[in-house]
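Working notes, structure below.
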Amino acid sequence: AAWGGHRERLLQVGEEERLYAGGLVGKGRLTRADWEAIIGFALETAMRTQEIVFAEWSHLFDNDRKLRIPKKNSKTKTARIVLMSLAARKILNSQRERCPQGQKRIFFQLTSPDALTEAFIRLTKRVGIEDLHFHDLRHEAVTRLCASGKLKQMEIMAMTGHKSSVTFQRYAHLITAENDTYLD
C-alpha cells in the first residue's frame, strides 16, 4: 500500500542511538549491529523498506559506489540508482563480512518488508520512542541529504525516486540548523 500521509517526523536528539541500543542478544534476534546496519543504511540512502529488504549483492556496481533498485522493488515501479556514501559503503562491508555464504540479499537478517516493519515497531516500543515509523527514516535521510549540500536537488530527487518537486519540498522545507549532521 502506498504511504498516503504527510508526516513530518524526524529523529529527535538521542533517538538514533537509543534505537541502536535497543538491539537484542540471541539467535534469531536483531542485534545492535543489525540495527546499526539497517537503520544506518536507511539514513544514508533514503531507501524504502522493501528496497532495503530486497537489495541484493548483484545490484551493487562501480566498486559498491552505486546500487541499482530494480523496478520490481520500487514503489513507483521505476528502476533507479542510489549513490552509496562512504558510511553506506562501510555498512555494506560489515554486512558482507557477516553474510552467510550464498546469500543473495544484502540485509539477510530480514525475511520480508512486513518483518522489518514489525521488528521496528517492537524496537521503538522497547526503547520508549513514540510515533516513529521506519518510513520516517527516509524522511530524515532526505532532510540530511539536502542539508549536506553534497548533492544538487535534482540528484537527490533522482536518487530517492521523487518525480514531483512538490513531494520533494516536503522534505526540503524541514531543513534547520538542528539537522545539519552531514556538515560535520
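Residue numbering restarts at 1 for every chain of the C-alpha cells, chains are lettered A, B, ... in their displayed order, and ligands are numbered from 1 as they appear.
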
So that I can check the surroundings of A:Leu137, please list as a VMD selection string every protein, DNA and RNA residue that reaches within 8 Å of it, counting only C-alpha atoms and ignoring chain neighbours fewer than 2 positions away. chain A and resid 10 to 11 39 42 to 43 46 133 to 135 139 to 141

So that I can see what lies close to A:Asp64, please list as a ChimeraX atom specification the residues with an atom at most 12 Å from it, counting only C-alpha atoms and leaving out residues fewer than 3 positions away in the same chain. /A:56-61,67-68,81-93,96,106

Helix (DSSP H, G or I) call set, DSSP backbone run, stretch 17-181 of chain A, as a PyMOL selection string: chain A and resi 17-21+32-45+49-53+57-59+71-73+86-98+113-127+134-148+153-160+165-172+177-179+181

Using the selection just defined, write its residues with C-alpha atoms as a JSON list (two decimals), in the first residue's frame.
[["chain", "number", "residue", "atom", "x", "y", "z"],
["A", 17, "GLU", "CA", 21.47, 5.98, 19.49],
["A", 18, "ARG", "CA", 18.51, 4.68, 21.54],
["A", 19, "LEU", "CA", 17.33, 2.69, 18.52],
["A", 20, "TYR", "CA", 20.75, 1.08, 18.11],
["A", 21, "ALA", "CA", 20.98, 0.34, 21.82],
["A", 32, "ARG", "CA", 22.65, -3.78, 17.91],
["A", 33, "ALA", "CA", 24.94, -4.49, 14.93],
["A", 34, "ASP", "CA", 21.93, -5.48, 12.81],
["A", 35, "TRP", "CA", 20.03, -2.29, 13.68],
["A", 36, "GLU", "CA", 23.15, -0.16, 13.14],
["A", 37, "ALA", "CA", 23.39, -1.65, 9.65],
["A", 38, "ILE", "CA", 19.67, -1.48, 8.78],
["A", 39, "ILE", "CA", 18.88, 1.93, 10.27],
["A", 40, "GLY", "CA", 22.27, 3.35, 9.31],
["A", 41, "PHE", "CA", 21.77, 2.25, 5.71],
["A", 42, "ALA", "CA", 18.25, 3.71, 5.63],
["A", 43, "LEU", "CA", 19.61, 7.03, 6.92],
["A", 44, "GLU", "CA", 22.44, 7.07, 4.37],
["A", 45, "THR", "CA", 20.44, 6.04, 1.30],
["A", 49, "THR", "CA", 11.58, -0.59, 3.44],
["A", 50, "GLN", "CA", 11.06, -3.01, 0.53],
["A", 51, "GLU", "CA", 14.04, -1.57, -1.35],
["A", 52, "ILE", "CA", 16.33, -2.31, 1.60],
["A", 53, "VAL", "CA", 14.90, -5.78, 2.27],
["A", 57, "TRP", "CA", 24.70, -8.00, -3.75],
["A", 58, "SER", "CA", 24.30, -8.27, -7.54],
["A", 59, "HIS", "CA", 22.59, -4.85, -7.57],
["A", 71, "LYS", "CA", 11.60, -1.54, -10.88],
["A", 72, "LYS", "CA", 10.02, -4.63, -9.27],
["A", 73, "ASN", "CA", 11.44, -3.49, -5.88],
["A", 86, "LEU", "CA", 31.29, 6.34, 2.46],
["A", 87, "ALA", "CA", 29.19, 5.45, 5.53],
["A", 88, "ALA", "CA", 26.85, 3.31, 3.39],
["A", 89, "ARG", "CA", 29.87, 1.50, 1.88],
["A", 90, "LYS", "CA", 31.18, 0.78, 5.39],
["A", 91, "ILE", "CA", 27.81, -0.74, 6.25],
["A", 92, "LEU", "CA", 27.96, -2.84, 3.07],
["A", 93, "ASN", "CA", 31.43, -4.09, 4.06],
["A", 94, "SER", "CA", 30.17, -5.02, 7.52],
["A", 95, "GLN", "CA", 27.18, -6.84, 6.02],
["A", 96, "ARG", "CA", 29.44, -8.65, 3.55],
["A", 97, "GLU", "CA", 31.63, -9.91, 6.40],
["A", 98, "ARG", "CA", 28.61, -11.24, 8.33],
["A", 113, "PRO", "CA", 9.27, -5.84, 4.41],
["A", 114, "ASP", "CA", 6.49, -6.69, 6.88],
["A", 115, "ALA", "CA", 9.01, -8.41, 9.17],
["A", 116, "LEU", "CA", 11.15, -5.26, 9.16],
["A", 117, "THR", "CA", 8.14, -3.04, 9.87],
["A", 118, "GLU", "CA", 7.01, -5.26, 12.77],
["A", 119, "ALA", "CA", 10.53, -5.54, 14.22],
["A", 120, "PHE", "CA", 10.90, -1.75, 14.06],
["A", 121, "ILE", "CA", 7.58, -1.27, 15.88],
["A", 122, "ARG", "CA", 8.79, -3.64, 18.63],
["A", 123, "LEU", "CA", 12.14, -1.81, 18.76],
["A", 124, "THR", "CA", 10.57, 1.64, 19.18],
["A", 125, "LYS", "CA", 8.28, 0.32, 21.93],
["A", 126, "ARG", "CA", 11.22, -1.35, 23.69],
["A", 127, "VAL", "CA", 13.26, 1.88, 23.76],
["A", 134, "PHE", "CA", 10.52, 3.06, 9.67],
["A", 135, "HIS", "CA", 9.44, 5.23, 6.72],
["A", 136, "ASP", "CA", 10.25, 8.31, 8.83],
["A", 137, "LEU", "CA", 13.91, 7.34, 8.46],
["A", 138, "ARG", "CA", 13.55, 8.01, 4.72],
["A", 139, "HIS", "CA", 12.25, 11.47, 5.54],
["A", 140, "GLU", "CA", 15.18, 12.00, 7.92],
["A", 141, "ALA", "CA", 17.63, 10.76, 5.28],
["A", 142, "VAL", "CA", 16.34, 13.10, 2.56],
["A", 143, "THR", "CA", 16.46, 16.00, 5.00],
["A", 144, "ARG", "CA", 20.09, 15.14, 5.85],
["A", 145, "LEU", "CA", 20.99, 14.80, 2.17],
["A", 146, "CYS", "CA", 19.54, 18.24, 1.47],
["A", 147, "ALA", "CA", 21.32, 19.77, 4.46],
["A", 148, "SER", "CA", 24.67, 18.27, 3.46],
["A", 153, "GLN", "CA", 18.24, 18.85, -5.58],
["A", 154, "MET", "CA", 17.76, 17.08, -8.91],
["A", 155, "GLU", "CA", 20.41, 14.49, -7.99],
["A", 156, "ILE", "CA", 18.71, 13.82, -4.65],
["A", 157, "MET", "CA", 15.33, 13.57, -6.37],
["A", 158, "ALA", "CA", 16.73, 11.06, -8.88],
["A", 159, "MET", "CA", 18.40, 9.03, -6.13],
["A", 160, "THR", "CA", 15.29, 8.93, -3.93],
["A", 165, "SER", "CA", 9.17, 18.76, -6.75],
["A", 166, "VAL", "CA", 6.05, 19.29, -4.62],
["A", 167, "THR", "CA", 6.55, 15.98, -2.81],
["A", 168, "PHE", "CA", 10.27, 16.57, -2.51],
["A", 169, "GLN", "CA", 9.76, 20.02, -1.00],
["A", 170, "ARG", "CA", 8.03, 18.42, 1.98],
["A", 171, "TYR", "CA", 11.48, 17.17, 2.92],
["A", 172, "ALA", "CA", 13.50, 20.17, 1.89],
["A", 177, "ALA", "CA", 20.40, 24.22, 11.83],
["A", 178, "GLU", "CA", 19.46, 21.23, 14.02],
["A", 179, "ASN", "CA", 19.52, 18.89, 11.02],
["A", 181, "THR", "CA", 24.75, 16.46, 10.89]]

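Coordinates place atom CA of A:Arg9 at a distance of 8.0 Å from atom CA of A:Asp131.
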
Residues of stretch 11-182 of chain A in strand (DSSP E or B), written as an MDAnalysis selection string: chainID A and resid 56 60:61 66:69 80:83 105

Between atom CA of A:Pro70 and atom CA of A:Gly149, what is the distance in Å, rounded to a tenth? 27.2 Å
